[in-house]
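Okay, protein20.csv now, which holds CSV, N, CA and C atoms:
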```csv
chain,number,residue,atom,x,y,z
A,1,MET,N,9.7,-6.9,-14.1
A,1,MET,CA,9.5,-5.5,-14.0
A,1,MET,C,10.1,-4.8,-15.3
A,2,LYS,N,9.3,-3.9,-15.9
A,2,LYS,CA,9.8,-3.1,-17.0
A,2,LYS,C,9.9,-1.6,-16.6
A,3,THR,N,10.8,-1.0,-17.3
A,3,THR,CA,11.0,0.5,-17.0
A,3,THR,C,10.5,1.3,-18.2
A,4,PRO,N,9.7,2.3,-17.8
A,4,PRO,CA,9.2,3.2,-18.9
A,4,PRO,C,10.3,3.8,-19.7
A,5,GLY,N,10.1,3.9,-21.0
A,5,GLY,CA,11.1,4.5,-21.9
A,5,GLY,C,10.5,4.9,-23.2
A,6,PRO,N,11.3,5.2,-24.2
A,6,PRO,CA,10.7,5.7,-25.5
A,6,PRO,C,9.7,4.8,-26.1
A,7,ASP,N,9.8,3.5,-25.9
A,7,ASP,CA,8.9,2.6,-26.5
A,7,ASP,C,7.6,2.4,-25.7
A,8,HIS,N,7.6,2.8,-24.4
A,8,HIS,CA,6.4,2.8,-23.5
A,8,HIS,C,6.6,3.9,-22.5
A,9,PRO,N,6.4,5.1,-22.9
A,9,PRO,CA,6.6,6.2,-21.9
A,9,PRO,C,5.4,6.3,-20.9
A,10,ILE,N,5.8,6.7,-19.7
A,10,ILE,CA,4.8,7.0,-18.6
A,10,ILE,C,5.3,8.3,-18.0
A,11,THR,N,4.3,9.3,-18.0
A,11,THR,CA,4.6,10.5,-17.3
A,11,THR,C,3.5,10.8,-16.3
A,12,ILE,N,3.9,11.4,-15.2
A,12,ILE,CA,2.9,11.7,-14.1
A,12,ILE,C,3.1,13.2,-13.8
A,13,GLY,N,2.0,13.9,-13.7
A,13,GLY,CA,2.0,15.3,-13.4
A,13,GLY,C,0.8,15.7,-12.6
A,14,LYS,N,0.9,16.8,-11.9
A,14,LYS,CA,-0.2,17.3,-11.1
A,14,LYS,C,-1.3,17.9,-12.0
A,15,ASN,N,-2.5,17.4,-11.8
A,15,ASN,CA,-3.6,18.0,-12.6
A,15,ASN,C,-4.0,19.3,-11.9
A,16,PRO,N,-4.0,20.4,-12.5
A,16,PRO,CA,-4.3,21.7,-11.9
A,16,PRO,C,-5.8,21.9,-11.7
A,17,ASP,N,-6.6,21.0,-12.3
A,17,ASP,CA,-8.1,21.2,-12.2
A,17,ASP,C,-8.7,20.3,-11.0
A,18,ARG,N,-9.9,20.7,-10.7
A,18,ARG,CA,-10.7,19.9,-9.7
A,18,ARG,C,-11.2,18.6,-10.4
A,19,VAL,N,-11.1,17.5,-9.7
A,19,VAL,CA,-11.6,16.2,-10.2
A,19,VAL,C,-12.6,15.7,-9.2
A,20,LEU,N,-13.8,15.4,-9.8
A,20,LEU,CA,-14.9,14.8,-9.0
A,20,LEU,C,-15.2,13.5,-9.6
A,21,VAL,N,-15.5,12.5,-8.7
A,21,VAL,CA,-15.9,11.2,-9.1
A,21,VAL,C,-17.2,10.9,-8.4
A,22,LYS,N,-18.2,10.5,-9.2
A,22,LYS,CA,-19.6,10.4,-8.7
A,22,LYS,C,-20.2,9.0,-9.2
A,23,VAL,N,-21.1,8.5,-8.4
A,23,VAL,CA,-22.0,7.5,-8.8
A,23,VAL,C,-23.4,8.1,-8.7
A,24,GLY,N,-24.0,8.4,-9.8
A,24,GLY,CA,-25.3,9.1,-9.8
A,24,GLY,C,-24.9,10.5,-9.2
A,25,ASP,N,-25.7,10.9,-8.2
A,25,ASP,CA,-25.4,12.2,-7.5
A,25,ASP,C,-24.5,12.1,-6.3
A,26,LEU,N,-24.1,10.9,-6.0
A,26,LEU,CA,-23.2,10.7,-4.8
A,26,LEU,C,-21.8,10.9,-5.2
A,27,VAL,N,-21.1,11.8,-4.4
A,27,VAL,CA,-19.7,12.1,-4.7
A,27,VAL,C,-18.9,11.1,-3.9
A,28,ILE,N,-18.0,10.4,-4.6
A,28,ILE,CA,-17.1,9.4,-4.1
A,28,ILE,C,-15.8,10.0,-3.8
A,29,ALA,N,-15.3,10.9,-4.7
A,29,ALA,CA,-14.0,11.6,-4.5
A,29,ALA,C,-14.1,13.0,-5.0
A,30,ASP,N,-13.4,13.9,-4.4
A,30,ASP,CA,-13.4,15.3,-4.7
A,30,ASP,C,-12.0,15.8,-4.4
A,31,THR,N,-11.2,16.3,-5.4
A,31,THR,CA,-9.9,16.7,-5.1
A,31,THR,C,-9.4,17.8,-6.1
A,32,ARG,N,-8.5,18.5,-5.6
A,32,ARG,CA,-7.7,19.5,-6.4
A,32,ARG,C,-6.3,19.1,-6.5
A,33,ASP,N,-6.0,17.8,-6.0
A,33,ASP,CA,-4.6,17.3,-6.0
A,33,ASP,C,-4.4,16.0,-6.7
A,34,ALA,N,-5.2,15.8,-7.8
A,34,ALA,CA,-5.1,14.6,-8.6
A,34,ALA,C,-3.8,14.6,-9.4
A,35,LEU,N,-3.3,13.4,-9.6
A,35,LEU,CA,-2.1,13.2,-10.5
A,35,LEU,C,-2.7,12.6,-11.8
A,36,SER,N,-2.2,13.2,-12.9
A,36,SER,CA,-2.6,12.7,-14.2
A,36,SER,C,-1.4,11.8,-14.7
A,37,LEU,N,-1.7,10.5,-14.9
A,37,LEU,CA,-0.7,9.6,-15.4
A,37,LEU,C,-1.0,9.3,-16.9
A,38,GLN,N,-0.1,9.6,-17.7
A,38,GLN,CA,-0.2,9.3,-19.1
A,38,GLN,C,0.7,8.1,-19.5
A,39,GLU,N,0.2,7.0,-19.9
A,39,GLU,CA,1.0,5.9,-20.2
A,39,GLU,C,0.8,5.5,-21.7
A,40,ALA,N,1.9,5.5,-22.4
A,40,ALA,CA,2.0,5.2,-23.9
A,40,ALA,C,0.8,6.0,-24.6
A,41,ASN,N,0.0,5.2,-25.4
A,41,ASN,CA,-1.1,5.9,-26.1
A,41,ASN,C,-2.4,5.7,-25.4
A,42,TYR,N,-2.5,5.3,-24.2
A,42,TYR,CA,-3.7,5.2,-23.4
A,42,TYR,C,-4.2,6.5,-23.0
A,43,PRO,N,-5.5,6.6,-22.7
A,43,PRO,CA,-6.0,7.9,-22.2
A,43,PRO,C,-5.4,8.2,-20.8
A,44,ALA,N,-5.3,9.4,-20.5
A,44,ALA,CA,-4.7,9.8,-19.2
A,44,ALA,C,-5.6,9.3,-18.1
A,45,VAL,N,-5.0,8.8,-17.0
A,45,VAL,CA,-5.8,8.3,-15.8
A,45,VAL,C,-5.5,9.3,-14.6
A,46,GLN,N,-6.6,9.7,-14.0
A,46,GLN,CA,-6.5,10.5,-12.8
A,46,GLN,C,-6.4,9.7,-11.5
A,47,TYR,N,-5.2,9.9,-10.9
A,47,TYR,CA,-5.0,9.2,-9.6
A,47,TYR,C,-5.3,10.2,-8.5
A,48,ILE,N,-6.2,9.8,-7.6
A,48,ILE,CA,-6.7,10.7,-6.6
A,48,ILE,C,-6.2,10.3,-5.2
A,49,PRO,N,-5.7,11.3,-4.4
A,49,PRO,CA,-5.2,11.0,-3.1
A,49,PRO,C,-6.2,10.3,-2.2
A,50,ARG,N,-5.8,9.3,-1.5
A,50,ARG,CA,-6.7,8.6,-0.6
A,50,ARG,C,-7.4,9.5,0.3
A,51,ASP,N,-6.8,10.6,0.8
A,51,ASP,CA,-7.4,11.5,1.7
A,51,ASP,C,-8.7,12.2,1.1
A,52,ASP,N,-8.8,12.2,-0.2
A,52,ASP,CA,-9.9,12.9,-0.9
A,52,ASP,C,-11.0,11.9,-1.4
A,53,VAL,N,-10.9,10.7,-0.9
A,53,VAL,CA,-11.9,9.6,-1.3
A,53,VAL,C,-12.7,9.2,-0.1
A,54,ASP,N,-14.0,9.1,-0.4
A,54,ASP,CA,-15.0,8.6,0.7
A,54,ASP,C,-15.0,7.1,0.7
A,55,PHE,N,-14.1,6.5,1.6
A,55,PHE,CA,-14.0,5.1,1.6
A,55,PHE,C,-15.2,4.4,2.3
A,56,THR,N,-16.1,5.1,2.8
A,56,THR,CA,-17.4,4.5,3.4
A,56,THR,C,-18.2,4.0,2.2
A,57,GLN,N,-17.9,4.4,1.0
A,57,GLN,CA,-18.7,4.0,-0.2
A,57,GLN,C,-17.9,2.9,-1.0
A,58,LEU,N,-16.8,2.4,-0.4
A,58,LEU,CA,-16.0,1.4,-1.1
A,58,LEU,C,-15.8,0.2,-0.2
A,59,GLU,N,-15.5,-0.9,-0.8
A,59,GLU,CA,-15.2,-2.2,-0.1
A,59,GLU,C,-14.1,-2.9,-0.8
A,60,ARG,N,-13.1,-3.2,-0.1
A,60,ARG,CA,-11.9,-3.9,-0.7
A,60,ARG,C,-12.4,-5.2,-1.4
A,61,SER,N,-11.9,-5.4,-2.6
A,61,SER,CA,-12.2,-6.6,-3.4
A,61,SER,C,-11.0,-7.6,-3.2
A,62,GLU,N,-11.3,-8.8,-3.6
A,62,GLU,CA,-10.3,-9.9,-3.7
A,62,GLU,C,-9.5,-9.8,-5.0
A,63,HIS,N,-10.0,-9.0,-5.9
A,63,HIS,CA,-9.4,-9.0,-7.3
A,63,HIS,C,-8.0,-8.3,-7.2
A,64,GLN,N,-7.1,-8.9,-8.0
A,64,GLN,CA,-5.7,-8.3,-8.2
A,64,GLN,C,-5.3,-8.5,-9.6
A,65,THR,N,-4.4,-7.6,-10.0
A,65,THR,CA,-3.8,-7.7,-11.4
A,65,THR,C,-2.4,-7.2,-11.2
A,66,TYR,N,-1.6,-7.4,-12.3
A,66,TYR,CA,-0.2,-7.1,-12.3
A,66,TYR,C,0.1,-6.2,-13.6
A,67,CYS,N,0.8,-5.1,-13.4
A,67,CYS,CA,1.3,-4.3,-14.5
A,67,CYS,C,2.8,-4.4,-14.5
A,68,PRO,N,3.5,-4.8,-15.6
A,68,PRO,CA,4.9,-4.8,-15.5
A,68,PRO,C,5.6,-3.5,-15.3
A,69,TYR,N,4.9,-2.4,-15.6
A,69,TYR,CA,5.4,-1.0,-15.4
A,69,TYR,C,5.1,-0.4,-14.1
A,70,LYS,N,4.0,-0.9,-13.4
A,70,LYS,CA,3.6,-0.2,-12.2
A,70,LYS,C,3.6,-1.1,-11.0
A,71,GLY,N,3.4,-2.4,-11.2
A,71,GLY,CA,3.4,-3.4,-10.1
A,71,GLY,C,2.1,-4.1,-9.9
A,72,ASP,N,1.9,-4.6,-8.6
A,72,ASP,CA,0.6,-5.3,-8.3
A,72,ASP,C,-0.5,-4.3,-8.0
A,73,ALA,N,-1.6,-4.5,-8.6
A,73,ALA,CA,-2.8,-3.6,-8.3
A,73,ALA,C,-3.8,-4.4,-7.5
A,74,ALA,N,-4.4,-3.7,-6.5
A,74,ALA,CA,-5.5,-4.2,-5.7
A,74,ALA,C,-6.7,-3.3,-6.1
A,75,TYR,N,-7.9,-3.8,-5.7
A,75,TYR,CA,-9.1,-3.2,-6.1
A,75,TYR,C,-10.1,-3.0,-5.0
A,76,TYR,N,-11.0,-2.0,-5.2
A,76,TYR,CA,-12.2,-1.8,-4.4
A,76,TYR,C,-13.4,-1.9,-5.3
A,77,ASN,N,-14.5,-2.3,-4.7
A,77,ASN,CA,-15.9,-2.2,-5.3
A,77,ASN,C,-16.5,-1.0,-4.8
A,78,VAL,N,-17.3,-0.3,-5.6
A,78,VAL,CA,-18.1,0.8,-5.2
A,78,VAL,C,-19.4,0.3,-4.8
A,79,LEU,N,-19.9,0.7,-3.6
A,79,LEU,CA,-21.1,0.1,-3.0
A,79,LEU,C,-22.4,0.7,-3.3
A,80,PRO,N,-22.6,2.0,-3.6
A,80,PRO,CA,-23.9,2.6,-3.7
A,80,PRO,C,-24.9,1.7,-4.5
A,81,ALA,N,-26.1,1.7,-4.1
A,81,ALA,CA,-27.1,0.9,-4.8
A,81,ALA,C,-27.2,1.4,-6.2
A,82,GLY,N,-27.4,0.4,-7.1
A,82,GLY,CA,-27.5,0.8,-8.5
A,82,GLY,C,-26.2,1.0,-9.2
A,83,ALA,N,-25.1,1.0,-8.5
A,83,ALA,CA,-23.8,1.2,-9.1
A,83,ALA,C,-23.3,-0.1,-9.8
A,84,ASP,N,-22.6,0.0,-10.9
A,84,ASP,CA,-21.9,-1.1,-11.5
A,84,ASP,C,-20.5,-1.0,-11.0
A,85,GLY,N,-20.3,-1.2,-9.7
A,85,GLY,CA,-19.1,-0.9,-9.0
A,85,GLY,C,-18.1,-2.0,-8.8
A,86,GLU,N,-18.3,-3.2,-9.4
A,86,GLU,CA,-17.4,-4.3,-9.1
A,86,GLU,C,-16.0,-3.9,-9.7
A,87,ASN,N,-15.0,-4.0,-8.8
A,87,ASN,CA,-13.6,-3.7,-9.1
A,87,ASN,C,-13.5,-2.4,-9.9
A,88,ALA,N,-14.2,-1.4,-9.5
A,88,ALA,CA,-14.3,-0.1,-10.2
A,88,ALA,C,-13.1,0.8,-9.8
A,89,VAL,N,-12.4,0.5,-8.8
A,89,VAL,CA,-11.3,1.3,-8.3
A,89,VAL,C,-10.0,0.5,-8.1
A,90,TRP,N,-8.9,1.0,-8.6
A,90,TRP,CA,-7.7,0.3,-8.4
A,90,TRP,C,-6.6,1.2,-7.8
A,91,PHE,N,-5.6,0.5,-7.2
A,91,PHE,CA,-4.5,1.2,-6.6
A,91,PHE,C,-3.3,0.3,-6.5
A,92,TYR,N,-2.1,0.9,-6.3
A,92,TYR,CA,-0.9,0.2,-6.2
A,92,TYR,C,-0.3,0.5,-4.8
A,93,GLU,N,-0.3,-0.5,-3.9
A,93,GLU,CA,0.2,-0.3,-2.5
A,93,GLU,C,1.7,-0.1,-2.6
A,94,GLN,N,2.4,-0.8,-3.4
A,94,GLN,CA,3.8,-0.7,-3.5
A,94,GLN,C,4.2,-0.5,-5.0
A,95,PRO,N,3.9,0.7,-5.6
A,95,PRO,CA,4.2,0.9,-7.0
A,95,PRO,C,5.7,0.9,-7.2
A,96,TYR,N,6.1,0.5,-8.5
A,96,TYR,CA,7.5,0.5,-8.8
A,96,TYR,C,8.1,1.9,-8.7
A,97,VAL,N,9.4,2.0,-8.6
A,97,VAL,CA,10.0,3.3,-8.4
A,97,VAL,C,9.7,4.3,-9.5
A,98,ALA,N,9.6,3.9,-10.7
A,98,ALA,CA,9.3,4.8,-11.8
A,98,ALA,C,8.0,5.5,-11.7
A,99,VAL,N,7.1,4.9,-10.9
A,99,VAL,CA,5.7,5.5,-10.8
A,99,VAL,C,5.4,5.7,-9.3
A,100,ALA,N,6.4,5.9,-8.5
A,100,ALA,CA,6.2,5.9,-7.0
A,100,ALA,C,5.3,7.1,-6.6
A,101,ASP,N,5.1,8.1,-7.4
A,101,ASP,CA,4.2,9.2,-7.1
A,101,ASP,C,2.8,8.8,-6.9
A,102,ILE,N,2.3,7.6,-7.5
A,102,ILE,CA,0.9,7.2,-7.4
A,102,ILE,C,0.7,6.4,-6.1
A,103,ARG,N,1.7,6.2,-5.3
A,103,ARG,CA,1.5,5.6,-4.0
A,103,ARG,C,0.5,6.4,-3.2
A,104,ASP,N,-0.4,5.8,-2.4
A,104,ASP,CA,-1.4,6.5,-1.7
A,104,ASP,C,-2.4,7.3,-2.5
A,105,HIS,N,-2.6,6.8,-3.7
A,105,HIS,CA,-3.6,7.3,-4.7
A,105,HIS,C,-4.5,6.2,-5.2
A,106,VAL,N,-5.7,6.5,-5.6
A,106,VAL,CA,-6.5,5.5,-6.3
A,106,VAL,C,-7.0,6.0,-7.6
A,107,ALA,N,-7.4,5.1,-8.5
A,107,ALA,CA,-7.9,5.5,-9.8
A,107,ALA,C,-9.3,4.8,-10.0
A,108,PHE,N,-10.1,5.4,-10.8
A,108,PHE,CA,-11.5,4.8,-11.1
A,108,PHE,C,-11.7,4.5,-12.6
A,109,TYR,N,-12.3,3.4,-12.8
A,109,TYR,CA,-12.7,3.1,-14.2
A,109,TYR,C,-13.8,4.0,-14.7
A,110,PRO,N,-13.6,4.8,-15.8
A,110,PRO,CA,-14.6,5.8,-16.2
A,110,PRO,C,-15.9,5.2,-16.8
A,111,ASP,N,-15.9,3.9,-17.0
A,111,ASP,CA,-17.1,3.2,-17.5
A,111,ASP,C,-17.9,2.7,-16.3
A,112,LYS,N,-17.4,2.9,-15.1
A,112,LYS,CA,-18.2,2.4,-13.9
A,112,LYS,C,-18.6,3.6,-13.0
A,113,VAL,N,-18.0,4.8,-13.2
A,113,VAL,CA,-18.3,6.0,-12.4
A,113,VAL,C,-18.3,7.1,-13.4
A,114,THR,N,-18.7,8.3,-12.9
A,114,THR,CA,-18.6,9.5,-13.7
A,114,THR,C,-17.4,10.3,-13.1
A,115,ILE,N,-16.5,10.6,-14.0
A,115,ILE,CA,-15.3,11.4,-13.6
A,115,ILE,C,-15.5,12.8,-14.3
A,116,GLU,N,-15.5,13.8,-13.5
A,116,GLU,CA,-15.7,15.2,-14.0
A,116,GLU,C,-14.4,16.0,-13.7
A,117,ILE,N,-13.8,16.6,-14.7
A,117,ILE,CA,-12.7,17.5,-14.5
A,117,ILE,C,-13.2,18.9,-14.8
A,118,ILE,N,-13.1,19.7,-13.7
A,118,ILE,CA,-13.6,21.0,-13.7
A,118,ILE,C,-12.5,22.0,-13.7
A,119,ALA,N,-12.3,22.8,-14.8
A,119,ALA,CA,-11.2,23.8,-14.9
A,119,ALA,C,-11.5,25.0,-14.1
```
What is this file in structure tokens?
Amino acid sequence: MKTPGPDHPITIGKNPDRVLVKVGDLVIADTRDALSLQEANYPAVQYIPRDDVDFTQLERSEHQTYCPYKGDAAYYNVLPAGADGENAVWFYEQPYVAVADIRDHVAFYPDKVTIEIIA
């Protein structure tokens, strides 16, 4: 386990904007309560509360990864026909203390879905 610091900063803050996640015209997630996680020099990632996600459009995957700063990640596939949805959604069931705010949130790969941030 690694702790965020000056050499690898991680910040989490509430995104004041509406965040929509779509596959084509189908809305998979719609929230005004997203958390924006900024990690080192990577683009910010929108973590969406589980309550604002349509899980009827997702299926749990067997895929897992590990991040030394956040913990073990599990994945969902996006199901709609025509979607490139394999392992398109990830989440941390037991995130490390430094990023505990993302518990009960999911994130989407922007190359597999459309993420709209509406001010």
| message | Quick check for you: according to DSSP on this backbone, which residues of region 3-116 of chain A are classed as strand (DSSP E)? Reply as a ChimeraX atom specification. | response | /A:10-14,18-23,26-31,35-39,45-49,58-67,71-78,89-91,105-108,114-116
| query | What does the distance between atom C of Asp84 (chain A) and CA of Tyr47 (chain A) come to in Å, to one decimal place? | reply |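 Rounded to one decimal, the two atoms are 18.6 Å apart.
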| request: Find the spatial neighbours of Lys22 (chain A), counting all atoms listed in the file, within a cut-off of 6 Å - ignore same-chain residues fewer than 3 positions away - and output them as a list in words. | output: Asp25, Leu26, Val27, Ile28, Ala29, Val113, Thr114 and Ile115 of chain A
Output the selection as an mmCIF file, in the coordinates of the input - N, CA and C atoms for each residue.
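So result_16.cif came out as:
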```
data_model
loop_
_atom_site.group_PDB
_atom_site.id
_atom_site.type_symbol
_atom_site.label_atom_id
_atom_site.label_comp_id
_atom_site.auth_asym_id
_atom_site.auth_seq_id
_atom_site.Cartn_x
_atom_site.Cartn_y
_atom_site.Cartn_z
ATOM 1 N N ASP A 25 -25.700 10.900 -8.200
ATOM 2 C CA ASP A 25 -25.400 12.200 -7.500
ATOM 3 C C ASP A 25 -24.500 12.100 -6.300
ATOM 4 N N LEU A 26 -24.100 10.900 -6.000
ATOM 5 C CA LEU A 26 -23.200 10.700 -4.800
ATOM 6 C C LEU A 26 -21.800 10.900 -5.200
ATOM 7 N N VAL A 27 -21.100 11.800 -4.400
ATOM 8 C CA VAL A 27 -19.700 12.100 -4.700
ATOM 9 C C VAL A 27 -18.900 11.100 -3.900
ATOM 10 N N ILE A 28 -18.000 10.400 -4.600
ATOM 11 C CA ILE A 28 -17.100 9.400 -4.100
ATOM 12 C C ILE A 28 -15.800 10.000 -3.800
ATOM 13 N N ALA A 29 -15.300 10.900 -4.700
ATOM 14 C CA ALA A 29 -14.000 11.600 -4.500
ATOM 15 C C ALA A 29 -14.100 13.000 -5.000
ATOM 16 N N VAL A 113 -18.000 4.800 -13.200
ATOM 17 C CA VAL A 113 -18.300 6.000 -12.400
ATOM 18 C C VAL A 113 -18.300 7.100 -13.400
ATOM 19 N N THR A 114 -18.700 8.300 -12.900
ATOM 20 C CA THR A 114 -18.600 9.500 -13.700
ATOM 21 C C THR A 114 -17.400 10.300 -13.100
ATOM 22 N N ILE A 115 -16.500 10.600 -14.000
ATOM 23 C CA ILE A 115 -15.300 11.400 -13.600
ATOM 24 C C ILE A 115 -15.500 12.800 -14.300
#
```
| said: One decimal, in Å: what's the spacing between CA of Phe91 (chain A) and CA of Asp17 (chain A)? | reply: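 Separation between CA of Phe91 (chain A) and CA of Asp17 (chain A): 21.1 Å.
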| Pick from A:Ile48, A:Lys14, A:Thr56, A:Arg32: nearest to Pro80 (chain A), with all atoms listed in the file counted? | A:Thr56
| request: Write out as a list of chain:residue names the residues lying within 6 Å of Ala74 (chain A), counting all atoms listed in the file and excluding same-chain residues fewer than 2 positions away. | output: A:His63, A:Gln64, A:Thr65, A:Asp72, A:Tyr76, A:Val89, A:Trp90, A:Phe91, A:Tyr92, A:Glu93
| Could you state the separation of atom N of Arg50 (chain A) and atom C of Arg103 (chain A) in Å, given to one decimal place? |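 Between atom N of Arg50 (chain A) and atom C of Arg103 (chain A) the gap is 7.1 Å.
Taking only C-alpha atoms into account, Pro110 (chain A) lies nearest to A:Asn87 out of the set A:Glu59, A:Asn87, A:Tyr66, A:His8.
Shortest separation to Ala107 (chain A) among A:Pro6, A:Pro49, A:Pro43, A:Pro95 occurs at residue A:Pro49, atoms counted being all atoms listed in the file.
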| field | Nearest residue to Lys112 (chain A) from the set A:Tyr96, A:Gly71, A:Ala88, A:Leu79 (distances using all atoms listed in the file) | value | A:Ala88
| Selected residue of minimal separation from Tyr69 (chain A) among A:Gly24, A:Pro4, A:Pro16, A:Gly85, counting only N, CA and C atoms |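 Selected residue with least distance to Tyr69 (chain A): A:Pro4.
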Using the incomplete input, complete region 18-26 of chain A to the level of all heavy atoms; output as a PDB file, in the coordinates of the input.
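Written out: out31.pdb:
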```
ATOM      1  N   ARG A  18      -9.900  20.700 -10.700  1.00  0.00           N
ATOM      2  CA  ARG A  18     -10.700  19.900  -9.700  1.00  0.00           C
ATOM      3  C   ARG A  18     -11.200  18.600 -10.400  1.00  0.00           C
ATOM      4  O   ARG A  18     -11.664  18.650 -11.519  1.00  0.00           O
ATOM      5  CB  ARG A  18     -11.836  20.713  -9.200  1.00  0.00           C
ATOM      6  CG  ARG A  18     -12.674  20.030  -8.151  1.00  0.00           C
ATOM      7  CD  ARG A  18     -13.786  20.955  -7.704  1.00  0.00           C
ATOM      8  NE  ARG A  18     -14.620  20.332  -6.706  1.00  0.00           N
ATOM      9  CZ  ARG A  18     -15.809  20.770  -6.362  1.00  0.00           C
ATOM     10  NH1 ARG A  18     -16.312  21.858  -6.944  1.00  0.00           N
ATOM     11  NH2 ARG A  18     -16.508  20.145  -5.444  1.00  0.00           N
ATOM     12  N   VAL A  19     -11.100  17.500  -9.700  1.00  0.00           N
ATOM     13  CA  VAL A  19     -11.600  16.200 -10.200  1.00  0.00           C
ATOM     14  C   VAL A  19     -12.600  15.700  -9.200  1.00  0.00           C
ATOM     15  O   VAL A  19     -12.378  15.541  -8.028  1.00  0.00           O
ATOM     16  CB  VAL A  19     -10.440  15.185 -10.356  1.00  0.00           C
ATOM     17  CG1 VAL A  19     -10.994  13.853 -10.862  1.00  0.00           C
ATOM     18  CG2 VAL A  19      -9.363  15.716 -11.307  1.00  0.00           C
ATOM     19  N   LEU A  20     -13.800  15.400  -9.800  1.00  0.00           N
ATOM     20  CA  LEU A  20     -14.900  14.800  -9.000  1.00  0.00           C
ATOM     21  C   LEU A  20     -15.200  13.500  -9.600  1.00  0.00           C
ATOM     22  O   LEU A  20     -15.234  13.255 -10.777  1.00  0.00           O
ATOM     23  CB  LEU A  20     -16.216  15.663  -9.162  1.00  0.00           C
ATOM     24  CG  LEU A  20     -16.342  16.977  -8.436  1.00  0.00           C
ATOM     25  CD1 LEU A  20     -17.626  17.676  -8.841  1.00  0.00           C
ATOM     26  CD2 LEU A  20     -16.315  16.759  -6.941  1.00  0.00           C
ATOM     27  N   VAL A  21     -15.500  12.500  -8.700  1.00  0.00           N
ATOM     28  CA  VAL A  21     -15.900  11.200  -9.100  1.00  0.00           C
ATOM     29  C   VAL A  21     -17.200  10.900  -8.400  1.00  0.00           C
ATOM     30  O   VAL A  21     -17.373  11.082  -7.184  1.00  0.00           O
ATOM     31  CB  VAL A  21     -14.856  10.107  -8.612  1.00  0.00           C
ATOM     32  CG1 VAL A  21     -15.331   8.719  -9.022  1.00  0.00           C
ATOM     33  CG2 VAL A  21     -13.483  10.403  -9.199  1.00  0.00           C
ATOM     34  N   LYS A  22     -18.200  10.500  -9.200  1.00  0.00           N
ATOM     35  CA  LYS A  22     -19.600  10.400  -8.700  1.00  0.00           C
ATOM     36  C   LYS A  22     -20.200   9.000  -9.200  1.00  0.00           C
ATOM     37  O   LYS A  22     -19.788   8.513 -10.264  1.00  0.00           O
ATOM     38  CB  LYS A  22     -20.489  11.451  -9.265  1.00  0.00           C
ATOM     39  CG  LYS A  22     -20.167  12.843  -8.815  1.00  0.00           C
ATOM     40  CD  LYS A  22     -21.165  13.796  -9.449  1.00  0.00           C
ATOM     41  CE  LYS A  22     -20.986  15.221  -9.069  1.00  0.00           C
ATOM     42  NZ  LYS A  22     -21.998  16.080  -9.720  1.00  0.00           N
ATOM     43  N   VAL A  23     -21.100   8.500  -8.400  1.00  0.00           N
ATOM     44  CA  VAL A  23     -22.000   7.500  -8.800  1.00  0.00           C
ATOM     45  C   VAL A  23     -23.400   8.100  -8.700  1.00  0.00           C
ATOM     46  O   VAL A  23     -23.805   8.409  -7.571  1.00  0.00           O
ATOM     47  CB  VAL A  23     -21.852   6.233  -7.952  1.00  0.00           C
ATOM     48  CG1 VAL A  23     -22.918   5.215  -8.302  1.00  0.00           C
ATOM     49  CG2 VAL A  23     -20.462   5.631  -8.106  1.00  0.00           C
ATOM     50  N   GLY A  24     -24.000   8.400  -9.800  1.00  0.00           N
ATOM     51  CA  GLY A  24     -25.300   9.100  -9.800  1.00  0.00           C
ATOM     52  C   GLY A  24     -24.900  10.500  -9.200  1.00  0.00           C
ATOM     53  O   GLY A  24     -24.033  11.198  -9.682  1.00  0.00           O
ATOM     54  N   ASP A  25     -25.700  10.900  -8.200  1.00  0.00           N
ATOM     55  CA  ASP A  25     -25.400  12.200  -7.500  1.00  0.00           C
ATOM     56  C   ASP A  25     -24.500  12.100  -6.300  1.00  0.00           C
ATOM     57  O   ASP A  25     -24.146  13.127  -5.702  1.00  0.00           O
ATOM     58  CB  ASP A  25     -26.734  12.857  -7.072  1.00  0.00           C
ATOM     59  CG  ASP A  25     -27.588  13.288  -8.244  1.00  0.00           C
ATOM     60  OD1 ASP A  25     -27.022  13.603  -9.303  1.00  0.00           O
ATOM     61  OD2 ASP A  25     -28.838  13.303  -8.109  1.00  0.00           O
ATOM     62  N   LEU A  26     -24.100  10.900  -6.000  1.00  0.00           N
ATOM     63  CA  LEU A  26     -23.200  10.700  -4.800  1.00  0.00           C
ATOM     64  C   LEU A  26     -21.800  10.900  -5.200  1.00  0.00           C
ATOM     65  O   LEU A  26     -21.227  10.265  -6.060  1.00  0.00           O
ATOM     66  CB  LEU A  26     -23.430   9.268  -4.274  1.00  0.00           C
ATOM     67  CG  LEU A  26     -22.615   8.891  -3.053  1.00  0.00           C
ATOM     68  CD1 LEU A  26     -23.027   9.720  -1.841  1.00  0.00           C
ATOM     69  CD2 LEU A  26     -22.771   7.413  -2.766  1.00  0.00           C
TER      70      LEU A  26
END
```
